[in-house]
>>> print(open('data_34.cif').read())   # mmCIF, C-alpha atoms
data_query
#
loop_
_atom_site.label_atom_id
_atom_site.label_comp_id
_atom_site.auth_asym_id
_atom_site.auth_seq_id
_atom_site.Cartn_x
_atom_site.Cartn_y
_atom_site.Cartn_z
CA ASP I 886 0.00 0.00 0.00
CA ARG I 887 1.55 3.31 -1.05
CA MET I 888 -0.86 5.27 1.16
CA GLY I 889 -1.67 7.45 -1.82
CA GLY I 890 1.98 8.08 -2.63
CA PRO I 891 3.21 8.17 -6.23
CA LYS I 892 3.58 4.84 -8.06
CA GLU I 893 6.26 6.17 -10.39
CA GLY I 894 8.54 7.42 -7.60
CA ILE I 895 9.23 10.68 -5.84
CA GLU I 896 10.61 13.19 -8.33
CA VAL I 897 13.60 15.15 -7.12
CA PRO I 898 14.71 18.21 -9.08
CA ALA I 899 18.31 18.52 -10.21
CA VAL I 900 20.54 20.47 -7.80
CA ALA I 901 24.19 21.44 -7.87
CA ALA I 902 26.70 19.68 -5.64
CA GLY I 903 26.44 20.90 -2.06
CA GLU I 904 22.92 22.28 -2.49
CA THR I 905 19.90 20.97 -0.63
CA VAL I 906 16.36 20.26 -1.73
CA ASN I 907 13.21 19.71 0.33
CA ILE I 908 10.96 16.86 -0.66
CA THR I 909 7.37 16.57 0.55
CA LEU I 910 4.90 13.77 0.08
CA GLU I 911 1.24 13.70 1.04
CA LEU I 912 0.06 10.32 2.29
CA THR I 913 -3.28 8.96 3.43
CA ALA I 914 -3.30 6.71 6.49
CA PRO I 915 -4.78 3.28 5.80
CA ASN I 916 -8.28 2.52 7.12
CA THR I 917 -7.29 -0.74 8.79
CA PRO I 918 -5.58 -0.80 12.19
CA GLY I 919 -2.04 -2.16 12.39
CA ARG I 920 1.44 -1.46 11.09
CA HIS I 921 1.72 -0.33 7.49
CA VAL I 922 4.98 0.26 5.63
CA SER I 923 5.16 1.90 2.23
CA TYR I 924 8.28 2.20 0.09
CA TRP I 925 9.25 4.51 -2.78
CA ARG I 926 12.25 5.31 -4.87
CA LEU I 927 13.60 8.73 -5.66
CA VAL I 928 13.62 9.57 -9.38
CA ASP I 929 15.18 12.35 -11.41
CA PRO I 930 13.09 14.55 -13.76
CA GLU I 931 13.52 11.91 -16.52
CA GLY I 932 12.14 9.17 -14.24
CA THR I 933 15.47 7.41 -13.59
CA ARG I 934 15.64 5.85 -10.11
CA PHE I 935 18.55 6.69 -7.82
CA GLY I 936 19.58 6.28 -4.19
CA HIS I 937 18.13 3.95 -1.62
CA ARG I 938 14.44 3.35 -1.02
CA VAL I 939 12.62 5.79 1.24
CA TRP I 940 9.70 4.67 3.34
CA ALA I 941 6.95 5.57 5.74
CA ASP I 942 6.32 3.23 8.67
CA VAL I 943 2.87 3.98 10.11
CA MET I 944 0.99 2.47 13.03
CA VAL I 945 -2.77 2.90 12.70
CA HIS I 946 -4.71 2.50 15.94
CA ALA I 947 -8.37 1.54 16.12
CA VAL I 948 -10.41 4.50 17.33
CA GLU I 949 -14.03 4.42 18.39
CA GLU I 950 -16.26 6.82 16.43
CA GLU I 951 -17.18 8.70 19.64
CA GLU I 952 -13.48 9.36 20.34
CA VAL I 953 -12.99 10.81 16.86
CA GLU I 954 -15.97 13.16 17.31
CA ALA I 955 -14.75 14.28 20.74
CA ALA I 956 -11.20 14.86 19.47
CA SER I 957 -12.48 16.81 16.48
CA THR I 958 -14.68 19.03 18.65
CA THR I 959 -11.87 19.66 21.16
CA THR I 960 -9.36 20.48 18.42
CA SER I 961 -11.75 22.90 16.72
CA ALA I 962 -12.54 24.70 19.98
CA SER I 963 -8.92 24.94 21.11
CA THR I 964 -7.77 26.07 17.65
CA ALA I 965 -10.37 28.84 17.57
CA ALA I 966 -9.47 30.02 21.08
CA ALA I 967 -5.75 29.89 20.40
CA ALA I 968 -6.08 31.83 17.15
CA GLU I 969 -7.28 34.89 19.07
CA GLU I 970 -4.07 35.04 21.13
CA THR I 971 -1.67 34.12 18.35
CA THR I 972 -0.58 37.51 16.99
CA ASP I 973 1.14 38.88 20.11
CA ALA I 974 2.60 35.52 21.08
CA ALA I 975 3.93 34.92 17.57
CA ALA I 976 5.86 38.18 17.74
CA ALA I 977 7.50 36.98 20.95
CA VAL I 978 8.40 33.60 19.41
CA ALA I 979 10.08 35.29 16.44
CA ASP I 980 12.95 36.55 18.59
CA ASP I 981 15.92 34.15 18.92
CA GLU I 982 16.07 34.90 22.66
CA THR I 983 12.71 33.22 23.34
CA PRO I 984 12.39 29.80 24.99
CA PHE I 985 10.73 28.58 21.77
CA ALA I 986 13.67 29.28 19.45
CA ALA I 987 14.78 25.63 19.40
CA GLN I 988 11.24 24.43 18.64
CA ARG I 989 10.88 27.08 15.93
CA ASP I 990 14.14 26.03 14.28
CA GLN I 991 13.21 22.34 14.50
CA LEU I 992 9.83 22.86 12.82
CA MET I 993 11.27 25.20 10.17
CA ALA I 994 13.92 22.55 9.38
CA MET I 995 11.00 20.27 8.48
CA GLY I 996 10.04 22.73 5.74
CA PHE I 997 7.21 24.63 7.39
CA ASP I 998 6.80 28.34 6.64
CA ARG I 999 8.18 30.64 9.34
CA GLU I 1000 4.90 32.51 9.95
CA VAL I 1001 2.95 29.26 10.18
CA VAL I 1002 5.49 27.87 12.67
CA LEU I 1003 5.44 31.03 14.78
CA ASN I 1004 1.65 31.05 14.93
CA ALA I 1005 1.45 27.35 15.77
CA LEU I 1006 4.06 27.64 18.55
CA ALA I 1007 2.29 30.65 19.98
CA ALA I 1008 -1.04 28.81 19.92
CA THR I 1009 0.45 25.78 21.69
CA SER I 1010 2.62 27.61 24.24
CA GLY I 1011 5.78 26.33 22.59
CA ASP I 1012 4.84 22.63 22.47
CA ALA I 1013 6.58 21.51 19.26
CA ALA I 1014 4.62 18.25 18.96
CA ALA I 1015 1.28 20.03 19.41
CA ALA I 1016 2.37 22.77 16.99
CA PHE I 1017 3.32 20.11 14.43
CA GLU I 1018 -0.11 18.45 14.78
CA LEU I 1019 -1.83 21.82 14.49
CA MET I 1020 0.06 22.68 11.29
CA ILE I 1021 -0.54 19.26 9.72
CA ASN I 1022 -4.26 19.31 10.55
CA ASN I 1023 -4.73 22.83 9.18
CA GLN I 1024 -3.10 22.23 5.76
#
>>> encode(input="data_34.cif", output="structure tokens")
Amino acid sequence: DRMGGPKEGIEVPAVAAGETVNITLELTAPNTPGRHVSYWRLVDPEGTRFGHRVWADVMVHAVEEEEVEAASTTTSASTAAAAEETTDAAAAVADDETPFAAQRDQLMAMGFDREVVLNALAATSGDAAAAFELMINNQ
């Protein structure tokens, strides 16, 4: 199961030696509980495979429908409340002297936009894991 990933491989643009490139891939979690592993190959713009396989190793847990509804309601309410306080807190997080600088740098290294990271960290009081979830769920 490729979890919705590309069958032909993950295309990587050409870059000069020493340069870096960010690669993103949108996946859909399987519907069945259990461990699911999906593999892909990197390909150049012509479709030629290179490098080692890359993979996603996902554990899907069974969730009761009531739990999903409760989690969805809680997330929506907390997101709405946090959004009201985000602007001032985001300004504080932007400064390298803040206690959230390490979390900000970690999330930005994952390829998230600076403003999105700052707002998510402000909304979650600097909790990098919660900020990550917030950003992923709001894409």
>>> resolve_selection(input="data_34.cif", expression="the PyMOL selection byres ((chain I and resi 894-896) around 10)", output="list of chain:residue names")
I:Gly890, I:Pro891, I:Lys892, I:Glu893, I:Val897, I:Pro898, I:Ala899, I:Ile908, I:Thr909, I:Leu910, I:Tyr924, I:Trp925, I:Arg926, I:Leu927, I:Val928, I:Asp929, I:Pro930, I:Glu931, I:Gly932, I:Thr933, I:Arg934, I:Arg938, I:Val939
>>> atom_distance(input="data_34.cif", atom1="atom CA of I:Phe997", atom2="atom CA of I:Ala1016")
10.9 Å
>>> resolve_selection(input="data_34.cif", expression="the PyMOL selection byres ((chain I and resi 1005) around 8)", output="VMD selection string")
chain I and resid 971 1001 to 1004 1006 to 1009 1016 to 1017 1019 to 1020
>>> atom_distance(input="data_34.cif", atom1="atom CA of I:Gly919", atom2="atom CA of I:Gln991")
28.9 Å
>>> residues_around(input="data_34.cif", residues="I:Val943", least_positions_apart="3", cutoff="12 Å", atoms="all atoms listed in the file", output="PyMOL selection string")
chain I and resi 886-888+912-924+940+946
>>> atom_distance(input="data_34.cif", atom1="atom CA of I:Asn1022", atom2="atom CA of I:Glu911")
12.3 Å
